[in-house]
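Source file: query.txt; contents: compact mmCIF, C-alpha atoms.
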```
# COMPACT_ATOMS: atom_id res chain seq x y z
CA MET R 1 95.38 -10.32 216.94
CA GLU R 2 98.94 -10.06 215.69
CA ILE R 3 100.62 -12.76 213.68
CA PHE R 4 104.39 -12.83 214.06
CA ILE R 5 106.70 -13.37 211.12
CA GLU R 6 108.05 -16.61 212.60
CA LYS R 7 104.53 -18.00 212.80
CA GLN R 8 103.90 -16.96 209.20
CA LEU R 9 107.12 -18.62 207.98
CA ILE R 10 106.26 -21.83 209.83
CA SER R 11 102.76 -21.70 208.29
CA VAL R 12 104.27 -21.31 204.81
CA GLY R 13 106.58 -24.26 205.47
CA TYR R 14 103.63 -26.37 206.59
CA SER R 15 101.62 -25.33 203.54
CA PHE R 16 104.58 -26.26 201.30
CA ILE R 17 104.68 -29.70 202.92
CA LEU R 18 100.91 -29.97 202.50
CA GLY R 19 101.36 -29.24 198.78
CA LEU R 20 103.92 -32.04 198.57
CA ILE R 21 101.44 -34.37 200.29
CA PHE R 22 98.72 -33.31 197.84
CA GLY R 23 101.07 -34.08 194.96
CA ALA R 24 101.87 -37.51 196.37
CA SER R 25 98.19 -38.23 196.97
CA TYR R 26 97.44 -37.34 193.34
CA ASP R 27 99.59 -40.32 192.39
CA ILE R 28 96.75 -42.51 193.64
CA ILE R 29 94.50 -40.88 191.05
CA ARG R 30 97.23 -41.38 188.45
CA MET R 31 97.39 -45.07 189.34
CA ILE R 32 93.64 -45.37 188.77
CA HIS R 33 94.02 -43.69 185.37
CA ILE R 34 96.98 -45.87 184.42
CA LEU R 35 95.39 -49.15 185.57
CA SER R 36 92.20 -48.35 183.70
CA GLY R 37 94.29 -47.82 180.56
CA THR R 38 93.12 -44.27 179.93
CA VAL R 39 96.61 -42.80 180.42
CA SER R 40 100.06 -44.05 179.55
CA PHE R 41 103.35 -42.44 180.58
CA SER R 42 105.65 -44.56 178.45
CA GLY R 43 108.79 -42.77 177.37
CA GLY R 44 108.10 -39.85 179.71
CA GLU R 45 105.32 -38.63 177.43
CA LYS R 46 101.73 -38.63 178.59
CA ARG R 47 99.27 -40.20 176.13
CA VAL R 48 95.53 -40.01 176.84
CA LYS R 49 92.76 -42.09 175.26
CA LYS R 50 89.88 -40.17 173.71
CA GLY R 51 86.24 -40.98 174.34
CA LYS R 52 83.36 -40.52 176.75
CA LEU R 53 84.32 -43.17 179.29
CA PRO R 54 87.92 -41.94 179.83
CA PHE R 55 86.60 -38.37 180.06
CA LEU R 56 84.03 -39.36 182.68
CA LEU R 57 86.69 -41.28 184.63
CA PHE R 58 88.97 -38.23 184.61
CA LEU R 59 86.12 -35.93 185.57
CA LEU R 60 84.86 -38.09 188.42
CA THR R 61 88.24 -38.85 189.97
CA ASP R 62 89.45 -35.27 189.68
CA LEU R 63 86.24 -33.89 191.20
CA ILE R 64 86.55 -36.28 194.14
CA TYR R 65 90.24 -35.38 194.52
CA MET R 66 89.60 -31.63 194.40
CA SER R 67 86.77 -31.93 196.93
CA ALA R 68 89.01 -33.84 199.32
CA VAL R 69 91.87 -31.37 198.80
CA SER R 70 89.62 -28.37 199.50
CA VAL R 71 88.30 -29.95 202.70
CA VAL R 72 91.80 -30.83 203.90
CA PHE R 73 93.11 -27.36 203.01
CA SER R 74 90.23 -25.69 204.89
CA VAL R 75 90.94 -27.78 207.98
CA PHE R 76 94.65 -27.00 207.58
CA VAL R 77 93.98 -23.25 207.46
CA TYR R 78 91.75 -23.51 210.50
CA ILE R 79 94.37 -25.42 212.50
CA VAL R 80 97.50 -23.54 211.42
CA ASN R 81 96.16 -19.99 211.07
CA TYR R 82 93.09 -20.04 213.31
CA GLY R 83 90.75 -19.89 210.33
CA ASP R 84 92.31 -16.76 208.80
CA PHE R 85 92.83 -17.40 205.12
CA ARG R 86 96.06 -15.93 203.83
CA GLY R 87 97.21 -15.94 200.22
CA TYR R 88 100.68 -17.13 201.12
CA LEU R 89 99.23 -20.36 202.52
CA LEU R 90 97.53 -21.10 199.21
CA LEU R 91 100.66 -20.06 197.32
CA GLY R 92 102.87 -22.33 199.45
CA THR R 93 100.52 -25.26 198.88
CA VAL R 94 100.42 -24.69 195.13
CA VAL R 95 104.22 -24.34 194.95
CA GLY R 96 104.65 -27.59 196.90
CA PHE R 97 102.22 -29.41 194.61
CA VAL R 98 103.81 -28.06 191.42
CA LEU R 99 107.32 -28.85 192.67
CA TYR R 100 106.34 -32.43 193.45
CA HIS R 101 104.39 -32.82 190.22
CA PHE R 102 107.19 -31.70 187.91
CA THR R 103 110.08 -33.41 189.73
CA LEU R 104 109.39 -36.55 191.69
CA GLY R 105 105.87 -36.89 190.27
CA ARG R 106 107.15 -37.64 186.77
CA VAL R 107 109.45 -40.36 188.06
CA VAL R 108 106.65 -41.85 190.12
CA ALA R 109 104.28 -41.73 187.11
CA TYR R 110 106.81 -43.59 184.97
CA PHE R 111 107.24 -46.31 187.60
CA LEU R 112 103.49 -46.51 188.12
CA ASP R 113 103.16 -47.12 184.39
CA LEU R 114 105.73 -49.93 184.59
CA ILE R 115 103.95 -51.44 187.59
CA ALA R 116 100.58 -51.24 185.82
CA ARG R 117 102.01 -52.97 182.75
CA ALA R 118 103.44 -55.72 184.95
CA ILE R 119 100.10 -56.14 186.75
CA ARG R 120 98.25 -56.33 183.43
CA ALA R 121 100.73 -58.90 182.09
CA ILE R 122 100.49 -61.02 185.25
CA LEU R 123 96.68 -60.91 185.13
CA ARG R 124 96.67 -61.74 181.43
CA TYR R 125 98.90 -64.80 181.86
CA THR R 126 97.40 -66.03 185.14
CA VAL R 127 93.70 -65.25 184.60
CA ALA R 128 92.68 -64.22 181.09
CA ILE R 129 94.52 -66.83 179.03
CA PRO R 130 93.62 -69.84 181.24
CA VAL R 131 89.97 -68.75 181.54
CA GLY R 132 89.77 -68.21 177.78
CA PHE R 133 91.29 -71.64 177.20
CA LEU R 134 88.76 -73.26 179.55
CA LEU R 135 85.87 -71.43 177.91
CA ARG R 136 86.97 -72.63 174.45
CA ILE R 137 87.16 -76.23 175.72
CA ILE R 138 83.72 -75.96 177.34
CA ARG R 139 82.27 -74.48 174.16
CA LYS R 140 83.72 -77.28 172.02
CA LEU R 141 82.43 -79.93 174.43
CA ALA R 142 79.03 -78.30 174.72
CA ALA R 143 78.53 -77.80 170.96
CA PRO R 144 77.34 -81.40 170.26
CA VAL R 145 75.10 -81.37 173.32
CA TYR R 146 73.60 -78.08 172.19
CA ARG R 147 73.20 -79.32 168.64
CA TYR R 148 71.29 -82.46 169.68
CA THR R 149 69.14 -80.89 172.39
CA ILE R 150 68.51 -77.18 172.26
CA GLY R 151 69.37 -76.94 168.57
CA ILE R 152 66.73 -79.54 167.66
CA LEU R 153 64.19 -77.85 169.91
CA ILE R 154 64.84 -74.43 168.38
CA GLY R 155 64.66 -75.94 164.90
CA ARG R 156 61.31 -77.59 165.70
CA LEU R 157 59.95 -74.31 167.12
CA ASN R 158 61.02 -72.52 163.93
CA GLU R 159 59.21 -75.15 161.84
CA ILE R 160 56.04 -74.68 163.91
CA ARG R 161 56.28 -70.91 163.54
CA LEU R 162 56.74 -71.24 159.77
CA CYS R 163 53.79 -73.62 159.52
CA ARG R 164 51.59 -71.17 161.43
CA ARG R 165 52.71 -68.32 159.20
CA ASN R 166 52.07 -70.41 156.09
CA ARG R 167 48.61 -71.36 157.37
CA LYS R 168 47.74 -67.70 157.95
CA TYR R 169 48.99 -66.81 154.47
CA LEU R 170 47.05 -69.70 152.98
CA ARG R 171 43.83 -68.69 154.81
CA ARG R 172 44.26 -65.09 153.73
CA THR R 173 44.81 -66.16 150.14
CA LEU R 174 41.78 -68.46 150.21
CA ASP R 175 39.65 -65.72 151.71
CA GLU R 176 40.70 -63.37 148.92
CA LEU R 177 39.97 -66.02 146.29
CA SER R 178 36.61 -66.84 147.80
CA PHE R 179 35.74 -63.15 147.86
CA ASP R 180 36.60 -62.91 144.17
CA ILE R 181 34.52 -65.99 143.35
CA LYS R 182 31.43 -64.62 145.11
CA GLN R 183 31.41 -61.48 143.01
```
Would you put the structure from the file into C-alpha cells?
Amino acid sequence: MEIFIEKQLISVGYSFILGLIFGASYDIIRMIHILSGTVSFSGGEKRVKKGKLPFLLFLLTDLIYMSAVSVVFSVFVYIVNYGDFRGYLLLGTVVGFVLYHFTLGRVVAYFLDLIARAIRAILRYTVAIPVGFLLRIIRKLAAPVYRYTIGILIGRLNEIRLCRRNRKYLRRTLDELSFDIKQ
C-alpha cells in the first residue's frame, strides 16, 4: 500500500497538533504539583521540594500521564496511519510537545502558580483561620470540664496504679525479708 506525500504531511501536521494537546494536558499535572506545594514557578524559575512524598507524587502522576499519552498516541497512529508506525509521527508529536512546553507552557505554569497561591490564600483566610480560631475557643472552654471530669478520673486511676505497684513492691520486699529471717 502506497502512502502519498500529501497524506504524510497531513499526518505530520496532526501529530504536531497532538503534541501541542499533550503539552496542554501536562498542565493539569503541573497544576496538581503546584497545588500540592511540591513545585513552585515563582519568578520563572522552577523550584522543587525534596523528599519521599514529593518524589512519589511526581512518579505516580507522571506514570499515569505517560500511560495515557502512549494509549492516545497508539490510537492516533492507528486512525491516522492505519496502524503503521512511522518515525515522523513520533517526531512531530515530540516537536509539538516541546514547542508548547518551552513557549506557552512556561507562561501557563507561571499563571498556574499565581492561581494556586490565590487559592491557598483564599482557603487559608476562609477555612483554616476560622476553624483554628473555633478550635482554640472550644479547647479553652473544654479545659475546665476536662480538668474536673476526665482529669480527676485519670488522676484517680494513676493513684490506684501507683498503690498497686507499691503493694507489689512491699510484698516482694517482705518476702525477701522473711526469706532472710528464716535462714
Between R:Leu20, R:Leu104, R:Val98, R:Leu112, which residue has the minimum interatomic distance to R:Ser40, considering only C-alpha atoms?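 Smallest distance to R:Ser40 is found for R:Leu112.
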Atom pair atom CA of R:Ala118 / atom CA of R:Ile34: separation (Å):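 For atom CA of R:Ala118 relative to atom CA of R:Ile34, the distance reads 11.8 Å.
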Which residue of R:Leu63, R:Leu123, R:Leu89, R:Ala128 approaches R:Ile10 most closely, using all atoms listed in the file: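 Between R:Leu63, R:Leu123, R:Leu89, R:Ala128, the residue approaching R:Ile10 most closely is R:Leu89.
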Quote the spacing between atom CA of R:Gly37 and atom CA of R:Leu57 in Å to one decimal place.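 Separation of atom CA of R:Gly37 and atom CA of R:Leu57: 10.8 Å.
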At what distance in Å, to one decimal, does atom CA of R:Ser15 lie from atom CA of R:Leu90?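 These atoms are spaced 7.3 Å apart.
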List every protein, DNA or RNA residue that has an atom no more than 7 Å from (107.0, -22.9, 201.1) in the file's coordinate frame, counting only C-alpha atoms, and report them as a VMD selection string. chain R and resid 12 to 13 15 to 16 92 95 to 96
Which residues come within 10 Å of R:Ser11, counting all atoms listed in the file, excluding same-chain residues fewer than 5 positions away, as a list in words?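 Neighbouring residues, sequence-local ones excluded: Ile5, Glu6, Phe16, Ile17, Phe76, Val77, Val80, Asn81, Arg86, Tyr88, Leu89 and Gly92 of chain R.
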Taking into account only C-alpha atoms, which residue in the set R:Val48, R:Leu114, R:Ile138, R:Leu59 is nearest to R:Ile29? R:Leu59
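Minimum distance to R:Tyr82 across R:Arg167, R:Lys7, R:Arg136, R:Arg172 (counting all atoms listed in the file) occurs at R:Lys7.
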